[in-house]
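**Q** Got a file for you: final.txt, compact mmCIF, C-alpha atoms.
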# COMPACT_ATOMS: atom_id res chain seq x y z
CA MET R 106 122.72 71.60 120.91
CA ARG R 107 119.77 72.11 118.57
CA SER R 108 118.70 68.47 118.67
CA THR R 109 118.92 68.45 122.47
CA THR R 110 116.66 71.51 122.69
CA LEU R 111 114.18 70.02 120.22
CA LEU R 112 114.14 66.72 122.10
CA PHE R 113 113.51 68.57 125.38
CA LEU R 114 110.63 70.55 123.82
CA LEU R 115 109.05 67.38 122.43
CA PHE R 116 109.34 65.71 125.84
CA LEU R 117 107.85 68.75 127.58
CA THR R 118 104.96 68.83 125.11
CA SER R 119 104.17 65.17 125.71
CA MET R 120 104.20 65.77 129.48
CA ILE R 121 101.74 68.63 129.10
CA PHE R 122 99.36 66.57 126.96
CA ALA R 123 99.65 63.59 129.30
CA GLN R 124 98.04 65.58 132.12
CA GLU R 125 94.96 66.44 130.07
CA GLY R 126 91.73 64.53 130.34
CA SER R 127 88.27 65.03 128.99
CA LEU R 128 84.77 64.79 130.31
CA LYS R 129 81.64 64.22 128.26
CA GLY R 130 78.04 63.40 129.03
CA VAL R 131 74.38 63.95 128.19
CA LEU R 132 71.72 65.80 130.21
CA LEU R 133 68.20 64.40 129.92
CA ASP R 134 64.80 65.55 131.18
CA GLY R 135 63.36 62.98 133.57
CA GLU R 136 59.89 64.51 133.45
CA PHE R 137 59.21 64.23 129.72
CA ASP R 138 60.38 60.94 128.18
CA ASN R 139 64.09 61.61 128.75
CA GLU R 140 64.25 64.42 126.20
CA PRO R 141 67.71 66.03 125.88
CA LEU R 142 68.21 69.32 127.73
CA ALA R 143 69.58 71.59 125.01
CA PHE R 144 71.74 74.54 126.07
CA ALA R 145 71.90 73.60 129.75
CA THR R 146 74.96 74.81 131.67
CA VAL R 147 77.62 72.43 132.99
CA THR R 148 80.17 74.02 135.34
CA ILE R 149 83.26 72.53 136.95
CA LYS R 150 83.10 74.15 140.37
CA GLU R 151 86.77 73.97 141.36
CA ILE R 152 88.10 75.74 138.26
CA ASP R 153 84.97 77.71 137.31
CA LYS R 154 84.97 76.33 133.77
CA THR R 155 81.58 76.32 132.05
CA VAL R 156 80.19 74.80 128.88
CA ASN R 157 76.67 74.59 127.43
CA THR R 158 75.10 71.40 126.17
CA ASP R 159 74.36 71.17 122.45
CA GLU R 160 70.92 70.57 120.89
CA ASN R 161 71.22 66.87 121.81
CA GLY R 162 71.96 67.64 125.48
CA GLU R 163 75.59 66.56 125.05
CA TYR R 164 78.61 68.33 126.52
CA PHE R 165 82.38 67.93 126.26
CA LEU R 166 85.15 69.50 128.35
CA GLU R 167 88.92 69.19 128.12
CA ILE R 168 90.42 69.63 131.57
CA GLU R 169 93.44 68.61 133.60
CA SER R 170 93.38 65.31 135.45
CA GLY R 171 91.89 65.59 138.92
CA THR R 172 88.77 65.24 141.04
CA TYR R 173 85.98 67.73 140.44
CA THR R 174 82.43 68.71 141.30
CA LEU R 175 80.06 69.27 138.38
CA VAL R 176 77.16 71.71 138.69
CA LEU R 177 74.31 71.19 136.21
CA ASP R 178 71.86 74.06 135.59
CA PHE R 179 68.84 74.44 133.33
CA VAL R 180 66.08 77.06 133.46
CA GLY R 181 63.08 75.77 135.43
CA TYR R 182 65.03 72.90 136.99
CA GLU R 183 66.78 72.52 140.32
CA SER R 184 70.55 72.76 140.08
CA ARG R 185 72.31 69.47 140.59
CA GLU R 186 75.82 68.85 141.94
CA ILE R 187 77.77 65.71 141.14
CA LYS R 188 80.73 65.36 143.50
CA ASP R 189 83.95 63.39 143.21
CA VAL R 190 84.09 63.13 139.41
CA VAL R 191 87.56 61.75 138.68
CA VAL R 192 89.16 62.76 135.38
CA GLU R 193 92.24 60.82 134.36
CA GLU R 194 94.52 60.97 131.33
CA ARG R 195 91.80 59.48 129.19
CA SER R 196 88.21 60.38 128.47
CA VAL R 197 85.62 59.86 131.19
CA ARG R 198 82.00 59.48 130.17
CA LEU R 199 79.45 59.96 132.89
CA ASN R 200 76.18 58.12 132.88
CA ASP R 201 73.42 60.19 131.35
CA GLU R 202 72.25 62.64 133.99
CA VAL R 203 68.52 63.06 134.40
CA MET R 204 67.20 66.34 135.78
CA TYR R 205 63.70 66.93 137.10
CA ALA R 206 61.74 70.17 137.02
CA LYS R 207 61.27 71.82 140.37
CA LYS R 208 57.78 72.76 141.36
CA VAL R 209 57.25 76.50 141.42
CA ALA R 210 54.37 77.99 143.40
CA MET R 211 52.87 81.04 141.71
CA ARG R 212 50.11 83.38 142.77
CA ILE R 213 48.42 85.56 140.18
CA ALA R 214 46.64 88.71 141.24
CA SER R 215 44.89 91.22 139.07
CA ILE R 216 46.03 94.82 139.06
CA ASP R 217 43.42 97.49 138.35
Transcribe the structure of this file into structure tokens.
**A**
Amino acid sequence: MRSTTLLFLLFLTSMIFAQEGSLKGVLLDGEFDNEPLAFATVTIKEIDKTVNTDENGEYFLEIESGTYTLVLDFVGYESREIKDVVVEERSVRLNDEVMYAKKVAMRIASID
């Protein structure tokens, strides 16, 4: 009985791990020589899971297999959505994503 239970638990564990995938990528600034965007936010829209990029603009997420929409955010840049990202039971590396700064109109007035 013990060995049957242990075998079942090992099988169940392997099934759980088999459904996991991972997603990694790099965010780069398209305006300034493709510099990495450190501490940008990468969100998986469908499951509301968020991670920040590291100092090299790299990110890594462990998620279940499926099809997702990524939302990329960085201060001073337009948000970007990448739809239909398929994550399978192995790692998926996206091409480096390049983000461009949005133009912000400002008006300065003096206050006396």
**Q** Could the residues of stretch 125-177 of chain R that have an atom at most 10 Å from stretch 188-192 of chain R be listed as JSON lines, each with its closest atom pair and the distance in Å to one decimal, counting only C-alpha atoms and ordered by chain and ascending residue number?
**A**
{"residue": "R:Glu125", "atom": "CA", "partner": "R:Val192", "partner_atom": "CA", "distance": 8.7}
{"residue": "R:Gly126", "atom": "CA", "partner": "R:Val192", "partner_atom": "CA", "distance": 5.9}
{"residue": "R:Ser127", "atom": "CA", "partner": "R:Val192", "partner_atom": "CA", "distance": 6.8}
{"residue": "R:Leu128", "atom": "CA", "partner": "R:Val192", "partner_atom": "CA", "distance": 7.0}
{"residue": "R:Ile149", "atom": "CA", "partner": "R:Val190", "partner_atom": "CA", "distance": 9.8}
{"residue": "R:Lys150", "atom": "CA", "partner": "R:Lys188", "partner_atom": "CA", "distance": 9.6}
{"residue": "R:Glu167", "atom": "CA", "partner": "R:Val192", "partner_atom": "CA", "distance": 9.7}
{"residue": "R:Ile168", "atom": "CA", "partner": "R:Val192", "partner_atom": "CA", "distance": 8.0}
{"residue": "R:Glu169", "atom": "CA", "partner": "R:Val192", "partner_atom": "CA", "distance": 7.5}
{"residue": "R:Ser170", "atom": "CA", "partner": "R:Val192", "partner_atom": "CA", "distance": 4.9}
{"residue": "R:Gly171", "atom": "CA", "partner": "R:Val192", "partner_atom": "CA", "distance": 5.3}
{"residue": "R:Thr172", "atom": "CA", "partner": "R:Val191", "partner_atom": "CA", "distance": 4.4}
{"residue": "R:Tyr173", "atom": "CA", "partner": "R:Val190", "partner_atom": "CA", "distance": 5.1}
{"residue": "R:Thr174", "atom": "CA", "partner": "R:Lys188", "partner_atom": "CA", "distance": 4.4}
{"residue": "R:Leu175", "atom": "CA", "partner": "R:Lys188", "partner_atom": "CA", "distance": 6.5}
{"residue": "R:Val176", "atom": "CA", "partner": "R:Lys188", "partner_atom": "CA", "distance": 8.7}
**Q** Mind giving me the straight-line distance from atom CA of R:Ala143 to atom CA of R:Glu193 in Å, one decimal?
**A**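 So the two atoms, atom CA of R:Ala143 and atom CA of R:Glu193, lie 26.8 Å apart.
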**Q** How far is it from atom CA of R:Asp159 to atom CA of R:Glu140, in Å with one decimal?
**A**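 Here the two named atoms are 12.7 Å from each other.
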**Q** For atom CA of R:Thr148 and atom CA of R:Glu136, determine how far apart the two atoms are, in Å to one decimal place.
**A**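 It comes out at 22.5 Å.
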